[in-house]
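A.B. asks: First the structure, then my questions, so here it is.
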Amino acid sequence: MPKGVYDHKRKPWPARFWRHVFKTGPVPQHWPELGACWEWTGPADKHGYGRIWFNGKLEVTSRIAWLLAIGSLPTYDVLHKCDNPACVRFSHLYEGEAFANAADMVARDRQGGKLSNAQANTIREVYAMGQLNQYQLALKYNVTQAAIWYTIRRRKSK
Ligand SMILES: [Zn+2]
C-alpha cells in the first residue's frame, strides 16, 4: 500500500472520521450557494482546523476529507471556499496549488497588467478587512488566485 493511499481494508477508518462530522453546519454568508458546512466536531488545533491521526501522523481533517473524496491525499494545502476551518465538506474545499505556482506565474508575468493599480489597492483593502477571501476575490476580478495572492503580498504598487 503506497503511502497516502486510503486502505479500504481498514474498515473502521472512515466511520471514525464521519462520526465526528456535523452535516448541518452554518451556510457561508458570503457564498450561500455552497450550502451548509460539514463541521468537524472532534479535536482541533487553536485555529479551529480539525485534527485526526492517520498513518501515524496527525493530519488536518480537510486533507482527510479530500482523501476520502479523491482517494489520495492532496499534494498542496487544502483551502476553504467557505472560510470555515472546521469544515470538511468536499465541495467547500479546493487545493491551493495556486500558492505553490504563484512564483512561477509571476516570473513569467502571465498575470501582469490584468489588474490596475486601483484594483490592486481595492483588493488589498478588501482582503485586509476580511470581507472576502483570496478565492472570492479571484472570482470577483476574474483572475487566478495566484494573481490575488501576489497582489496582496506585494504591498506597494509600482
Ligand atoms: Zn464549509
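Identifiers for the C-alpha cells are assigned positionally: chains receive A, B, ... in sequence, residues are indexed from 1 per chain, and ligands are indexed from 1 in the order shown.
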Taking only C-alpha atoms and all ligand atoms into account, which residues have an atom no farther than 8 Å from ligand 1? I'd like them as number ranges by chain.
C.D. replies: A: 25-28, 34-39, 80-89, 91-93
A.B. asks: Next, write the just-selected residues to a file, as a PDB file, in the first residue's frame, keeping C-alpha atoms as the atom set.
C.D. replies:
ATOM      1  CA  GLY A  25     -23.419  23.423   9.984  1.00  0.00           C
ATOM      2  CA  PRO A  26     -23.774  27.085   9.055  1.00  0.00           C
ATOM      3  CA  VAL A  27     -24.297  28.193   5.437  1.00  0.00           C
ATOM      4  CA  PRO A  28     -21.454  30.543   4.382  1.00  0.00           C
ATOM      5  CA  LEU A  34     -22.218  26.360  -1.290  1.00  0.00           C
ATOM      6  CA  GLY A  35     -24.814  25.080   1.135  1.00  0.00           C
ATOM      7  CA  ALA A  36     -24.255  24.052   4.727  1.00  0.00           C
ATOM      8  CA  CYS A  37     -20.790  23.433   6.080  1.00  0.00           C
ATOM      9  CA  TRP A  38     -19.984  19.978   7.384  1.00  0.00           C
ATOM     10  CA  GLU A  39     -18.230  20.778  10.585  1.00  0.00           C
ATOM     11  CA  HIS A  80     -11.722  26.529   2.335  1.00  0.00           C
ATOM     12  CA  LYS A  81     -14.067  28.380  -0.023  1.00  0.00           C
ATOM     13  CA  CYS A  82     -16.338  28.808   2.981  1.00  0.00           C
ATOM     14  CA  ASP A  83     -13.619  30.222   5.281  1.00  0.00           C
ATOM     15  CA  ASN A  84     -14.709  27.774   7.949  1.00  0.00           C
ATOM     16  CA  PRO A  85     -11.601  25.939   9.165  1.00  0.00           C
ATOM     17  CA  ALA A  86     -13.679  23.199  10.763  1.00  0.00           C
ATOM     18  CA  CYS A  87     -15.449  22.402   7.506  1.00  0.00           C
ATOM     19  CA  VAL A  88     -14.750  19.055   5.823  1.00  0.00           C
ATOM     20  CA  ARG A  89     -17.363  19.180   3.058  1.00  0.00           C
ATOM     21  CA  SER A  91     -17.431  20.809  -2.290  1.00  0.00           C
ATOM     22  CA  HIS A  92     -16.254  23.569   0.058  1.00  0.00           C
ATOM     23  CA  LEU A  93     -12.599  22.692  -0.358  1.00  0.00           C
TER      24      LEU A  93
END
A.B. asks: Using only C-alpha atoms, which residues sit within 12 Å of stretch 132-138 of chain A once same-chain residues fewer than 4 positions away are excluded, as a count of residues only?
C.D. replies: 41
A.B. asks: List the neighbours of A:Pro74 out to 9 Å using only C-alpha atoms; skip same-chain residues closer than 4 positions along the sequence, and give me the result as a ChimeraX atom specification.
C.D. replies: /A:63-64,66-67,70,78,95
A.B. asks: For atom CA of A:Arg154 and atom CA of A:Lys140, determine how far apart the two atoms are, in Å to one decimal place.
C.D. replies: 19.2 Å
A.B. asks: For A:Phe17, which of A:Thr41, A:Ser116, A:Gly48, A:Asn121 is the closest residue, counting only C-alpha atoms?
C.D. replies: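 For A:Phe17, the nearest of the candidates is A:Thr41.
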A.B. asks: Suppose you want the space between atom CA of A:Trp13 and atom CA of A:Trp53; what is it in Å?
C.D. replies: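 Computing it gives 10.2 Å between the two atoms.
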